>>> print(open('final10.cif').read())   # mmCIF, C-alpha atoms (C1' of nucleotides)
data_structure
#
loop_
_atom_site.label_atom_id
_atom_site.label_comp_id
_atom_site.auth_asym_id
_atom_site.auth_seq_id
_atom_site.Cartn_x
_atom_site.Cartn_y
_atom_site.Cartn_z
CA MET A 18 0.00 0.00 0.00
CA GLY A 19 1.61 3.21 -1.16
CA ILE A 20 1.99 6.11 1.20
CA TYR A 21 -0.13 9.29 1.20
CA TYR A 22 -1.50 11.80 3.70
CA ASN A 23 -5.24 12.28 3.97
CA PHE A 24 -6.88 15.48 5.25
CA PRO A 25 -10.58 14.83 5.90
CA ALA A 26 -13.14 17.43 4.83
CA GLU A 27 -13.75 19.83 7.70
CA ASN A 28 -14.91 23.42 8.12
CA ASN A 29 -15.88 24.58 4.64
CA MET A 30 -14.04 21.86 2.74
CA GLN A 31 -16.19 20.14 0.11
CA CYS A 32 -13.96 17.08 -0.13
CA PRO A 33 -10.93 15.52 1.54
CA VAL A 34 -7.45 16.46 0.34
CA LYS A 35 -4.81 13.84 -0.37
CA LEU A 36 -1.12 14.63 -0.38
CA PHE A 37 1.07 12.05 -2.09
CA CYS A 38 4.56 12.30 -0.65
CA SER A 39 7.08 10.44 1.44
CA ARG A 40 7.53 11.22 5.12
CA GLU A 41 10.89 12.79 4.31
CA ILE A 42 9.29 15.26 1.91
CA TYR A 43 6.26 15.87 4.10
CA GLN A 44 8.48 17.36 6.78
CA GLU A 45 9.76 19.95 4.33
CA ILE A 46 6.48 21.06 2.81
CA GLU A 47 5.71 24.69 3.63
CA GLU A 48 2.69 25.28 5.80
CA GLU A 49 1.40 27.92 3.41
CA ALA A 50 1.50 25.50 0.43
CA LEU A 51 -0.57 22.99 2.39
CA ASN A 52 -2.97 25.75 3.45
CA GLN A 53 -3.44 26.73 -0.17
CA LEU A 54 -4.25 23.12 -1.05
CA LEU A 55 -6.82 22.85 1.76
CA THR A 56 -8.33 26.19 0.74
CA ALA A 57 -8.87 24.91 -2.82
CA ALA A 58 -11.13 22.22 -1.35
CA THR A 59 -13.50 24.94 -0.05
CA LEU A 60 -14.55 26.05 -3.55
CA PRO A 61 -18.19 25.10 -4.16
CA GLY A 62 -18.45 22.27 -6.71
CA ILE A 63 -15.03 20.79 -6.02
CA ALA A 64 -14.97 16.99 -6.21
CA ALA A 65 -11.36 16.21 -5.28
CA VAL A 66 -8.06 17.94 -4.45
CA VAL A 67 -4.69 16.26 -4.55
CA GLY A 68 -1.09 17.37 -3.91
CA MET A 69 2.12 16.07 -5.46
CA PRO A 70 5.50 15.65 -3.70
CA ASP A 71 6.93 18.80 -5.32
CA LEU A 72 4.20 20.93 -3.74
CA HIS A 73 5.14 24.54 -3.05
CA GLN A 74 3.48 27.86 -2.60
CA GLY A 75 1.94 29.39 -5.70
CA TYR A 76 -0.64 31.86 -6.87
CA GLY A 77 -4.03 30.56 -5.65
CA LEU A 78 -3.58 26.82 -6.08
CA PRO A 79 -0.07 25.74 -5.00
CA ILE A 80 2.35 24.40 -7.60
CA GLY A 81 2.01 20.63 -7.54
CA GLY A 82 -1.75 20.93 -6.92
CA VAL A 83 -4.48 19.06 -8.77
CA MET A 84 -8.11 20.10 -8.46
CA ALA A 85 -11.19 18.36 -9.91
CA SER A 86 -14.46 20.24 -10.44
CA GLU A 87 -17.88 18.71 -10.95
CA PRO A 88 -19.75 19.66 -14.13
CA GLY A 89 -21.15 23.14 -13.46
CA GLY A 90 -18.47 23.68 -10.82
CA PRO A 91 -15.63 26.16 -11.02
CA ILE A 92 -13.02 26.68 -13.67
CA SER A 93 -10.19 28.71 -12.22
CA PRO A 94 -7.53 30.44 -14.35
CA GLY A 95 -5.33 30.72 -11.24
CA ALA A 96 -5.55 26.94 -10.76
CA VAL A 97 -4.06 26.44 -14.23
CA GLY A 98 -1.37 29.04 -13.74
CA PHE A 99 -0.07 32.05 -15.61
CA ASP A 100 2.09 29.96 -17.89
CA ILE A 101 -0.65 27.94 -19.58
CA ASN A 102 0.76 24.69 -21.02
CA CYS A 103 4.11 25.21 -19.46
CA GLY A 104 5.56 21.84 -20.37
CA VAL A 105 8.52 19.65 -21.14
CA ARG A 106 9.73 17.98 -24.30
CA LEU A 107 12.41 15.33 -24.62
CA ILE A 108 14.20 14.80 -27.92
CA ARG A 109 16.44 11.86 -28.74
CA THR A 110 19.60 12.48 -30.77
CA GLY A 111 20.73 8.88 -31.28
CA LEU A 112 24.27 10.11 -30.57
CA SER A 113 26.49 8.85 -27.79
CA GLY A 114 28.39 11.17 -25.48
CA LYS A 115 31.64 10.38 -27.30
CA GLU A 116 30.29 11.82 -30.54
CA LEU A 117 29.62 15.10 -28.77
CA GLU A 118 33.06 15.50 -27.21
CA GLY A 119 34.89 18.67 -28.17
CA GLN A 120 31.75 20.26 -29.64
CA GLU A 121 30.32 21.52 -26.34
CA ASP A 122 31.31 25.17 -26.70
CA GLU A 123 30.20 25.25 -30.32
CA ILE A 124 26.79 23.82 -29.39
CA LEU A 125 26.33 26.38 -26.62
CA LYS A 126 27.36 29.20 -28.94
CA ARG A 127 24.85 28.16 -31.59
CA LEU A 128 22.08 27.64 -29.06
CA ARG A 129 22.62 31.20 -27.86
CA GLN A 130 22.58 32.45 -31.45
CA ARG A 131 19.52 30.57 -32.65
CA ILE A 132 17.26 30.19 -29.61
CA PRO A 133 15.82 33.55 -28.50
CA ALA A 134 15.80 33.43 -24.72
CA GLY A 135 15.19 35.80 -21.84
CA LEU A 136 12.48 38.06 -20.54
CA GLY A 137 10.57 39.94 -23.21
CA GLN A 138 12.57 38.42 -26.04
CA SER A 139 10.89 38.17 -29.40
CA SER A 140 11.47 35.89 -32.36
CA LYS A 141 12.72 36.68 -35.84
CA LEU A 142 9.94 34.53 -37.24
CA LYS A 143 7.10 36.69 -38.50
CA PHE A 144 3.52 35.48 -38.56
CA SER A 145 0.51 37.25 -40.04
CA SER A 146 -2.51 37.62 -37.83
CA ARG A 147 -4.23 34.95 -39.92
CA GLU A 148 -1.33 32.51 -39.53
CA PHE A 149 -1.16 33.19 -35.80
CA ASN A 150 -4.86 32.40 -35.43
CA GLN A 151 -4.39 29.16 -37.35
CA ILE A 152 -1.57 28.16 -35.02
CA ILE A 153 -3.39 28.98 -31.79
CA GLY A 154 -6.58 27.38 -33.13
CA GLU A 155 -4.99 24.17 -34.37
CA GLY A 156 -1.60 23.80 -32.73
CA ILE A 157 1.31 21.94 -34.28
CA PRO A 158 -0.64 20.54 -37.28
CA ALA A 159 -0.99 24.16 -38.50
CA LEU A 160 2.81 24.50 -38.53
CA ASP A 161 2.98 21.33 -40.57
CA LYS A 162 0.52 22.74 -43.14
CA MET A 163 2.63 25.91 -43.37
CA GLY A 164 5.65 23.77 -44.16
CA ILE A 165 7.81 25.29 -41.40
CA ILE A 166 8.42 22.12 -39.40
CA ASP A 167 9.62 18.70 -40.37
CA SER A 168 8.46 15.19 -39.43
CA PHE A 169 6.36 15.93 -36.34
CA LEU A 170 5.30 12.79 -34.44
CA PRO A 171 1.80 13.55 -33.04
CA GLU A 172 1.63 10.21 -31.21
CA ASN A 173 4.57 11.36 -29.06
CA CYS A 174 2.90 14.61 -28.00
CA GLU A 175 0.07 15.09 -25.50
CA ASP A 176 -3.13 16.04 -27.37
CA GLY A 177 -1.26 15.27 -30.59
CA GLY A 178 -0.03 18.85 -30.25
CA SER A 179 -3.56 20.17 -30.84
CA PHE A 180 -5.71 21.04 -27.82
CA PRO A 181 -9.41 20.39 -28.50
CA GLY A 182 -11.89 23.27 -28.37
CA ALA A 183 -9.38 26.10 -28.79
CA ASP A 184 -11.06 29.20 -30.24
CA PRO A 185 -9.13 32.35 -31.25
CA ALA A 186 -12.37 34.36 -30.84
CA ALA A 187 -11.90 34.07 -27.06
CA ILE A 188 -8.56 35.93 -27.17
CA SER A 189 -8.12 39.63 -26.41
CA SER A 190 -6.27 41.79 -28.94
CA LYS A 191 -3.71 42.51 -26.25
CA ALA A 192 -2.99 38.78 -25.83
CA GLN A 193 -2.62 38.40 -29.59
CA GLU A 194 -0.26 41.41 -29.74
CA ARG A 195 1.94 40.01 -27.01
CA GLY A 196 1.92 36.49 -28.43
CA ILE A 197 2.52 37.05 -32.11
CA THR A 198 6.21 37.96 -31.73
CA GLN A 199 6.90 35.35 -29.05
CA LEU A 200 6.35 32.07 -30.85
CA ASN A 201 9.77 30.41 -31.19
CA THR A 202 11.22 31.83 -27.95
CA LEU A 203 12.39 30.12 -24.76
CA GLY A 204 11.45 32.65 -22.08
CA SER A 205 13.04 33.16 -18.68
CA GLY A 206 12.79 31.98 -15.07
CA ASN A 207 12.89 28.21 -14.81
CA HIS A 208 12.61 27.73 -18.57
CA PHE A 209 15.61 26.03 -20.12
CA LEU A 210 17.11 23.99 -22.87
CA GLU A 211 19.46 21.23 -21.73
CA ILE A 212 21.74 18.80 -23.48
CA GLN A 213 21.63 15.73 -21.25
CA GLN A 214 23.16 12.29 -21.16
CA ILE A 215 21.41 9.07 -20.15
CA ALA A 216 23.12 7.98 -16.93
CA TRP A 217 20.85 5.01 -16.27
CA ALA A 218 18.02 3.37 -18.19
CA GLU A 219 15.75 0.48 -17.33
CA GLU A 220 16.27 -2.44 -19.67
CA GLU A 221 12.81 -2.28 -21.14
CA SER A 222 13.19 1.41 -21.98
CA GLU A 223 14.37 2.32 -25.46
CA PHE A 224 17.27 4.48 -24.20
CA PHE A 225 20.90 3.40 -24.11
CA LYS A 226 23.36 4.41 -21.43
CA GLY A 227 25.50 7.32 -22.60
CA GLU A 228 22.91 8.48 -25.15
CA ILE A 229 22.57 12.22 -25.68
CA VAL A 230 19.07 13.68 -25.35
CA ILE A 231 17.75 17.23 -25.37
CA MET A 232 15.24 18.53 -22.86
CA LEU A 233 13.20 21.67 -23.44
CA HIS A 234 11.11 23.40 -20.78
CA THR A 235 8.97 26.33 -21.89
CA GLY A 236 5.37 27.44 -22.26
CA SER A 237 3.07 30.08 -23.67
CA ARG A 238 5.16 33.14 -22.74
CA GLY A 239 3.39 36.51 -22.53
CA PHE A 240 0.46 35.10 -24.52
CA GLY A 241 -0.70 32.66 -21.84
CA HIS A 242 0.14 35.19 -19.17
CA GLN A 243 -2.15 37.79 -20.77
CA ILE A 244 -4.97 35.25 -21.15
CA CYS A 245 -4.72 34.33 -17.48
CA GLN A 246 -4.76 38.00 -16.53
CA ASP A 247 -7.73 38.76 -18.83
CA TYR A 248 -9.86 35.97 -17.40
CA LEU A 249 -8.92 36.58 -13.77
CA LYS A 250 -10.22 40.10 -14.30
CA LEU A 251 -13.36 38.80 -16.01
CA ALA A 252 -14.00 36.40 -13.11
CA GLU A 253 -13.79 39.33 -10.68
CA GLN A 254 -16.24 41.30 -12.83
CA ARG A 255 -18.74 38.41 -12.91
CA ARG A 256 -18.64 37.80 -9.17
CA GLN A 257 -22.04 39.34 -8.48
CA LYS A 258 -23.70 38.06 -11.65
CA TYR A 259 -23.01 34.44 -10.72
CA ASN A 260 -22.91 34.96 -6.95
CA LEU A 261 -19.36 33.67 -6.74
CA ASN A 262 -17.45 33.41 -3.51
CA PHE A 263 -13.67 33.47 -3.84
CA PRO A 264 -11.94 32.16 -0.69
CA VAL A 265 -8.83 34.08 -1.76
CA LYS A 266 -8.45 36.56 -4.58
CA ASN A 267 -6.11 34.29 -6.51
CA LEU A 268 -8.62 31.45 -6.60
CA ALA A 269 -11.09 33.49 -8.64
CA TYR A 270 -13.20 31.23 -10.85
CA LEU A 271 -16.05 31.13 -13.33
CA PRO A 272 -18.80 28.52 -13.55
CA SER A 273 -17.45 26.03 -16.10
CA GLU A 274 -20.84 25.85 -17.85
CA SER A 275 -21.26 29.65 -18.14
CA PRO A 276 -20.42 31.42 -21.43
CA GLU A 277 -17.48 33.10 -19.70
CA GLY A 278 -16.21 29.81 -18.25
CA LYS A 279 -16.40 28.19 -21.68
CA ASP A 280 -14.61 31.18 -23.17
CA TYR A 281 -11.75 30.74 -20.71
CA LEU A 282 -11.43 27.09 -21.69
CA ALA A 283 -11.44 28.09 -25.39
CA ALA A 284 -8.79 30.77 -24.73
CA MET A 285 -6.75 28.43 -22.54
CA GLY A 286 -6.79 25.95 -25.44
CA CYS A 287 -5.26 28.63 -27.68
CA ALA A 288 -2.44 29.14 -25.18
CA ALA A 289 -2.01 25.36 -24.99
CA ASN A 290 -1.63 25.26 -28.77
CA PHE A 291 0.75 28.22 -28.66
CA ALA A 292 3.00 26.39 -26.21
CA TYR A 293 2.94 23.10 -28.15
CA ALA A 294 3.80 25.07 -31.31
CA ASN A 295 6.49 26.99 -29.44
CA ARG A 296 8.25 23.80 -28.36
CA GLU A 297 7.95 22.37 -31.88
CA LEU A 298 9.38 25.55 -33.48
CA LEU A 299 12.33 25.55 -31.07
CA THR A 300 12.84 21.89 -32.02
CA ALA A 301 13.04 23.02 -35.67
CA ARG A 302 15.86 25.42 -34.65
CA LEU A 303 17.60 22.53 -32.86
CA LYS A 304 17.30 20.38 -35.97
CA GLU A 305 19.04 23.13 -37.97
CA ILE A 306 21.89 23.36 -35.47
CA TRP A 307 22.20 19.58 -35.29
CA SER A 308 22.29 19.00 -39.03
CA ASP A 309 25.13 21.56 -39.28
CA LEU A 310 27.19 20.08 -36.47
CA PHE A 311 26.32 16.40 -36.80
CA PRO A 312 25.48 15.71 -40.44
CA GLY A 313 23.48 12.53 -40.86
CA SER A 314 22.16 12.56 -37.27
CA ARG A 315 18.45 12.84 -36.74
CA LEU A 316 16.52 14.41 -33.87
CA ARG A 317 13.40 12.52 -32.91
CA LEU A 318 10.65 13.59 -30.49
CA PHE A 319 10.44 11.17 -27.56
CA TYR A 320 7.62 12.88 -25.70
CA ASP A 321 6.08 16.30 -25.09
CA HIS A 322 3.58 17.05 -22.37
CA THR A 323 2.13 19.84 -20.28
CA HIS A 324 2.10 20.41 -16.53
CA ASN A 325 -0.17 23.50 -16.44
CA ILE A 326 -3.60 22.81 -17.89
CA ALA A 327 -7.30 22.18 -17.28
CA ARG A 328 -9.24 19.51 -19.15
CA TRP A 329 -12.30 17.27 -18.88
CA GLU A 330 -11.45 13.71 -17.86
CA GLU A 331 -13.17 10.64 -16.40
CA HIS A 332 -12.10 9.81 -12.85
CA LEU A 333 -13.08 7.51 -10.06
CA ILE A 334 -14.39 9.81 -7.33
CA ASP A 335 -16.24 8.50 -4.25
CA GLU A 336 -16.05 5.10 -5.95
CA LYS A 337 -18.07 6.36 -8.92
CA GLN A 338 -16.76 7.02 -12.41
CA GLN A 339 -17.36 10.74 -13.04
CA LYS A 340 -16.63 13.36 -15.64
CA VAL A 341 -14.69 16.15 -13.94
CA LEU A 342 -12.76 19.21 -14.98
CA ILE A 343 -9.20 18.51 -13.88
CA HIS A 344 -6.88 21.45 -13.17
CA ARG A 345 -3.22 20.48 -13.06
CA LYS A 346 -0.83 23.19 -11.96
CA GLY A 347 2.74 22.01 -11.83
CA ALA A 348 1.52 18.44 -12.14
CA THR A 349 1.73 15.98 -15.01
CA ARG A 350 -0.83 13.57 -16.36
CA LEU A 351 0.16 9.98 -15.64
CA ALA A 352 -1.50 8.02 -18.38
CA PRO A 353 -0.86 4.30 -18.68
CA GLY A 354 1.37 3.66 -21.67
CA ASN A 355 2.65 7.24 -21.74
CA PRO A 356 5.87 8.35 -20.08
CA ALA A 357 6.17 11.49 -17.95
CA LEU A 358 9.14 13.84 -17.93
CA ILE A 359 10.36 15.17 -14.59
CA PRO A 360 13.20 17.68 -14.83
CA GLY A 361 15.45 18.36 -11.87
CA SER A 362 16.81 21.79 -11.14
CA MET A 363 19.66 23.09 -13.32
CA GLY A 364 22.76 21.00 -12.82
CA THR A 365 20.94 18.00 -11.34
CA SER A 366 19.42 14.86 -12.86
CA SER A 367 16.12 14.68 -14.73
CA TYR A 368 13.94 11.59 -15.06
CA VAL A 369 11.63 9.80 -17.43
CA VAL A 370 9.04 7.91 -15.41
CA SER A 371 6.19 5.60 -16.23
CA SER A 372 2.83 5.38 -14.52
CA GLU A 373 2.15 2.55 -12.10
CA ASP A 374 -1.06 0.57 -12.34
CA SER A 375 -2.02 0.99 -8.67
CA LYS A 376 -5.04 2.03 -6.65
CA ASN A 377 -3.18 5.19 -5.69
CA THR A 378 -2.91 6.39 -9.29
CA LEU A 379 -6.71 6.62 -9.29
CA LEU A 380 -6.78 8.41 -5.92
CA ALA A 381 -4.09 10.80 -7.23
CA LEU A 382 -6.32 11.63 -10.22
CA LYS A 383 -3.76 10.00 -12.54
CA SER A 384 -1.29 12.77 -11.80
CA GLY A 385 2.37 13.00 -10.97
CA ALA A 386 5.04 15.48 -9.94
CA HIS A 387 6.45 17.92 -12.49
CA GLY A 388 9.91 18.65 -11.10
CA ALA A 389 12.04 19.17 -8.04
CA GLY A 390 9.94 21.97 -6.59
CA ARG A 391 11.47 25.08 -5.06
CA SER A 392 12.83 24.92 -1.54
CA MET A 393 13.24 28.70 -1.30
CA SER A 394 11.72 31.71 -3.04
CA ARG A 395 13.58 33.60 -5.75
CA THR A 396 14.21 36.55 -3.45
CA GLN A 397 15.40 34.32 -0.64
CA ALA A 398 17.72 32.48 -3.06
CA LYS A 399 19.30 35.71 -4.32
CA LYS A 400 19.81 36.84 -0.76
CA THR A 401 21.24 33.68 0.80
CA ILE A 402 23.12 31.80 -1.94
CA SER A 403 26.59 33.09 -2.79
CA ARG A 404 27.95 33.01 -6.35
CA GLU A 405 30.67 30.65 -5.16
CA GLN A 406 28.21 28.23 -3.55
CA HIS A 407 26.12 28.29 -6.71
CA ARG A 408 29.11 27.68 -8.99
CA SER A 409 30.31 24.69 -7.02
CA SER A 410 26.79 23.24 -6.89
CA LEU A 411 26.88 23.04 -10.70
CA GLY A 412 29.99 20.85 -10.78
CA ARG A 413 31.06 20.26 -14.38
CA VAL A 414 27.79 21.35 -15.95
CA LYS A 415 28.27 24.24 -18.38
CA ALA A 416 25.40 26.68 -17.92
CA VAL A 417 24.85 29.95 -19.75
CA SER A 418 22.20 32.58 -19.24
CA SER A 419 21.14 34.50 -22.32
CA SER A 420 20.55 37.59 -20.19
CA GLY A 421 23.95 37.26 -18.50
CA GLY A 422 22.22 37.13 -15.10
CA SER A 423 23.58 35.32 -12.05
CA MET A 424 20.92 32.56 -12.15
CA LEU A 425 21.13 32.38 -8.33
CA ASP A 426 17.34 32.17 -8.16
CA GLU A 427 17.54 29.06 -10.33
CA SER A 428 20.42 27.48 -8.44
CA PRO A 429 20.09 23.78 -7.50
CA LEU A 430 20.47 25.08 -3.94
CA ALA A 431 17.08 26.81 -4.27
CA TYR A 432 15.32 23.55 -5.17
CA LYS A 433 14.46 20.30 -3.43
CA ASN A 434 16.47 17.21 -4.22
CA ILE A 435 14.87 15.63 -7.30
CA SER A 436 15.76 12.11 -6.17
CA LEU A 437 13.56 12.59 -3.09
CA VAL A 438 10.67 13.46 -5.39
CA ILE A 439 11.26 10.35 -7.50
CA ASP A 440 11.59 8.17 -4.37
CA SER A 441 8.37 9.70 -3.16
CA LEU A 442 6.49 8.84 -6.37
CA GLN A 443 7.69 5.25 -5.98
CA GLN A 444 6.73 5.06 -2.30
CA SER A 445 3.26 6.32 -3.20
CA GLU A 446 3.06 3.75 -6.03
CA LEU A 447 2.32 6.44 -8.58
CA ALA A 448 5.28 6.05 -10.94
CA ARG A 449 8.63 4.35 -11.38
CA PRO A 450 11.73 5.67 -13.17
CA LEU A 451 12.54 4.52 -16.71
CA ALA A 452 15.65 6.63 -17.20
CA ARG A 453 17.82 9.16 -15.42
CA MET A 454 19.63 11.88 -17.34
CA ASN A 455 22.52 14.09 -16.27
CA PRO A 456 22.87 17.58 -17.71
CA LEU A 457 25.96 18.52 -19.73
CA LEU A 458 25.02 21.91 -21.22
CA VAL A 459 22.32 24.30 -20.07
CA LEU A 460 20.81 27.34 -21.77
CA LYS A 461 18.67 29.48 -19.48
CA GLY A 462 16.70 32.65 -20.14
"C1'" DA B 122 5.78 32.38 -15.02
"C1'" DT B 123 5.41 37.78 -16.80
"C1'" DG B 124 7.06 44.09 -21.90
"C1'" DT B 125 8.11 42.04 -13.14
"C1'" DT B 126 2.68 47.90 -10.24
"C1'" DC B 127 -4.57 48.01 -13.82
#
>>> encode(input="final10.cif", output="structure tokens")
Amino acid sequence: MGIYYNFPAENNMQCPVKLFCSREIYQEIEEEALNQLLTAATLPGIAAVVGMPDLHQGYGLPIGGVMASEPGGPISPGAVGFDINCGVRLIRTGLSGKELEGQEDEILKRLRQRIPAGLGQSSKLKFSSREFNQIIGEGIPALDKMGIIDSFLPENCEDGGSFPGADPAAISSKAQERGITQLNTLGSGNHFLEIQQIAWAEEESEFFKGEIVIMLHTGSRGFGHQICQDYLKLAEQRRQKYNLNFPVKNLAYLPSESPEGKDYLAAMGCAANFAYANRELLTARLKEIWSDLFPGSRLRLFYDHTHNIARWEEHLIDEKQQKVLIHRKGATRLAPGNPALIPGSMGTSSYVVSSEDSKNTLLALKSGAHGAGRSMSRTQAKKTISREQHRSSLGRVKAVSSSGGSMLDESPLAYKNISLVIDSLQQSELARPLARMNPLLVLKG
DNA sequence: ATGTTC
């Protein structure tokens, strides 16, 4: 029986809250993050709330929080997050570490040249308003039709790279303005591009030890951010009309069956498509770099998935199969047969995991952790970590920041130990590791 | 996370 912590429904809670983590991690979880999780359970129409081992304080719903709403219940932009479809993609190169030796500096140089990264950065790619709407309406298949990407593998991408129900009519002009120049950019903060090497792989996995893979972590940039902002404001404006009661400002919501709630879902779908397309376009840049440096090699998508999204799914709740609106914020979907990608902090290992077929996966709403999870805030990290401590924590990993910043707020010292998170997923019988990767080269915003 | 305070 896998471990989890159960918090029974009391006071205004509509449902119990389950926290899936080891005892070791439980002791480190911030009180405020747990409070935020319990508060989410007080929203009217909530069917289930679950926390992942990388839980930490966020905006409204904590990062690592999963929230299920009944039909007609709330849809909350803050419970999806500002970076809609923030997600991770893993690309196989087929090369071994030996084949990369001596090229490290050249790779980093070209990544910096070809991958626009950093706050407010825009892309050299120009899209017309019509093209942009096609991309946000359809996702990666639209890029394929435009002939600007090559050999996309939809079966290796969540939603096939095309989120259902996306509708550009639900987007503000401001969101479109911000987004149109930001497709094909990496962003800042915890977004990164890493060249990694397989350090360990389970025999049944398709990876080989020493294999070079590329991990990409980015989302919907200013576009998703603007959509979240627009709909948080709309939710506030509709408070009286729908008699809504927000326990905290950042858990503002709309009734999922209202026109405004449906509009948010349609707009959120556009941001989801933007982010899928963004990761695919950056992959096209990687393919260009790779074919220059390693002629004859071929980059192949292993998997791409989101950890900030809301979607309708069937779940077992109170021992009944029910259709619920799942919000995952800093949490992955754990679907049988599909892998999940769990990056560590910069300079530490990342993992590919596979879902377990256990009772707990159902109780955890088929969800898993999305990363190491912060152990201190950005401000705290900048204040307490010295440059020297940070540098030695990176070991031999070569990391560059496009902005030339210190990256102290992204230091491994500001994050939990990823191996504790992976241990925790195993102890809870949610997932088991398929492969562990070590970073060699890191590009940050 | 974010043209970092509508």
>>> interface_residues(input="final10.cif", of="chain B", to="chain A", cutoff="8 Å", atoms="all atoms listed in the file", output="PDB file with C-alpha atoms (C1' of nucleotides), in the frame of the given file")
ATOM      1  C1'  DA B 122       5.780  32.380 -15.020  1.00  0.00           C
ATOM      2  C1'  DT B 123       5.410  37.780 -16.800  1.00  0.00           C
ATOM      3  C1'  DG B 124       7.060  44.090 -21.900  1.00  0.00           C
TER       4       DG B 124
END
>>> resolve_selection(input="final10.cif", expression="the PyMOL selection byres ((chain A and resi 47) around 12)", output="PDB file with C-alpha atoms, in the coordinates of the input")
ATOM      1  CA  ILE A  42       9.290  15.260   1.910  1.00  0.00           C
ATOM      2  CA  TYR A  43       6.260  15.870   4.100  1.00  0.00           C
ATOM      3  CA  GLN A  44       8.480  17.360   6.780  1.00  0.00           C
ATOM      4  CA  GLU A  45       9.760  19.950   4.330  1.00  0.00           C
ATOM      5  CA  ILE A  46       6.480  21.060   2.810  1.00  0.00           C
ATOM      6  CA  GLU A  48       2.690  25.280   5.800  1.00  0.00           C
ATOM      7  CA  GLU A  49       1.400  27.920   3.410  1.00  0.00           C
ATOM      8  CA  ALA A  50       1.500  25.500   0.430  1.00  0.00           C
ATOM      9  CA  LEU A  51      -0.570  22.990   2.390  1.00  0.00           C
ATOM     10  CA  ASN A  52      -2.970  25.750   3.450  1.00  0.00           C
ATOM     11  CA  GLN A  53      -3.440  26.730  -0.170  1.00  0.00           C
ATOM     12  CA  LEU A  54      -4.250  23.120  -1.050  1.00  0.00           C
ATOM     13  CA  PRO A  70       5.500  15.650  -3.700  1.00  0.00           C
ATOM     14  CA  ASP A  71       6.930  18.800  -5.320  1.00  0.00           C
ATOM     15  CA  LEU A  72       4.200  20.930  -3.740  1.00  0.00           C
ATOM     16  CA  HIS A  73       5.140  24.540  -3.050  1.00  0.00           C
ATOM     17  CA  GLN A  74       3.480  27.860  -2.600  1.00  0.00           C
ATOM     18  CA  GLY A  75       1.940  29.390  -5.700  1.00  0.00           C
ATOM     19  CA  PRO A  79      -0.070  25.740  -5.000  1.00  0.00           C
ATOM     20  CA  ILE A  80       2.350  24.400  -7.600  1.00  0.00           C
ATOM     21  CA  GLY A 390       9.940  21.970  -6.590  1.00  0.00           C
ATOM     22  CA  ARG A 391      11.470  25.080  -5.060  1.00  0.00           C
ATOM     23  CA  SER A 392      12.830  24.920  -1.540  1.00  0.00           C
ATOM     24  CA  MET A 393      13.240  28.700  -1.300  1.00  0.00           C
ATOM     25  CA  SER A 394      11.720  31.710  -3.040  1.00  0.00           C
TER      26      SER A 394
END
>>> atom_distance(input="final10.cif", atom1="CA of Gln339 in chain A", atom2="CA of Leu55 in chain A")
21.8 Å
>>> residues_around(input="final10.cif", residues="range 305-321 of chain A", least_positions_apart="4", cutoff="10 Å", atoms="all atoms listed in the file", output="ChimeraX atom specification")
/A:104-112,116-117,120,123-124,127-128,130-131,168-178,223,230-234,293,296-297,299-301,355-358,369
>>> atom_distance(input="final10.cif", atom1="CA of Ile212 in chain A", atom2="CA of Ile326 in chain A")
26.3 Å
>>> atom_distance(input="final10.cif", atom1="CA of Tyr22 in chain A", atom2="CA of Leu78 in chain A")
18.0 Å
>>> closest_residue(input="final10.cif", among="A:Leu451, A:Leu430, A:Ile343, A:Ala381", to="Arg395 in chain A", atoms="only C-alpha atoms")
A:Leu430
>>> residues_around(input="final10.cif", residues="His387 in chain A", least_positions_apart="3", cutoff="6 Å", atoms="all atoms listed in the file", output="ChimeraX atom specification")
/A:347-349,359
>>> resolve_selection(input="final10.cif", expression="the PyMOL selection byres ((chain B and resi 127) around 12)", output="number ranges by chain")
A: 246-247, 250; B: 126
>>> write_last_selection(input="final10.cif", atoms="C-alpha atoms (C1' of nucleotides)", output="mmCIF file, in the coordinates of the input")
data_model
loop_
_atom_site.group_PDB
_atom_site.id
_atom_site.type_symbol
_atom_site.label_atom_id
_atom_site.label_comp_id
_atom_site.auth_asym_id
_atom_site.auth_seq_id
_atom_site.Cartn_x
_atom_site.Cartn_y
_atom_site.Cartn_z
ATOM 1 C CA GLN A 246 -4.760 38.000 -16.530
ATOM 2 C CA ASP A 247 -7.730 38.760 -18.830
ATOM 3 C CA LYS A 250 -10.220 40.100 -14.300
ATOM 4 C "C1'" DT B 126 2.680 47.900 -10.240
#
>>> axis_aligned_box(input="final10.cif", around="chain B", padding_each_side="4 Å", output="JSON")
{"center_x": 1.8, "center_y": 40.2, "center_z": -16.1, "size_x": 20.7, "size_y": 23.6, "size_z": 19.7}
>>> closest_residue(input="final10.cif", among="A:Ser39, A:Ser384, A:Asn295, A:Thr396", to="Ser436 in chain A", atoms="only C-alpha atoms")
A:Ser39
>>> closest_residue(input="final10.cif", among="A:Ser140, A:Ser410, A:Arg453, A:Pro360", to="Gly388 in chain A", atoms="only C-alpha atoms")
A:Pro360
>>> residues_around(input="final10.cif", residues="range 66-69 of chain A", least_positions_apart="2", cutoff="6 Å", atoms="only C-alpha atoms (C1' of nucleotides)", output="ChimeraX atom specification")
/A:34-37,71-72,81-84,386
>>> residues_around(input="final10.cif", residues="Gln193 in chain A", least_positions_apart="6", cutoff="12 Å", atoms="only C-alpha atoms (C1' of nucleotides)", output="PyMOL selection string")
chain A and resi 144-150+152-153+185-187+199-200+237-244+247+284+287-288+291
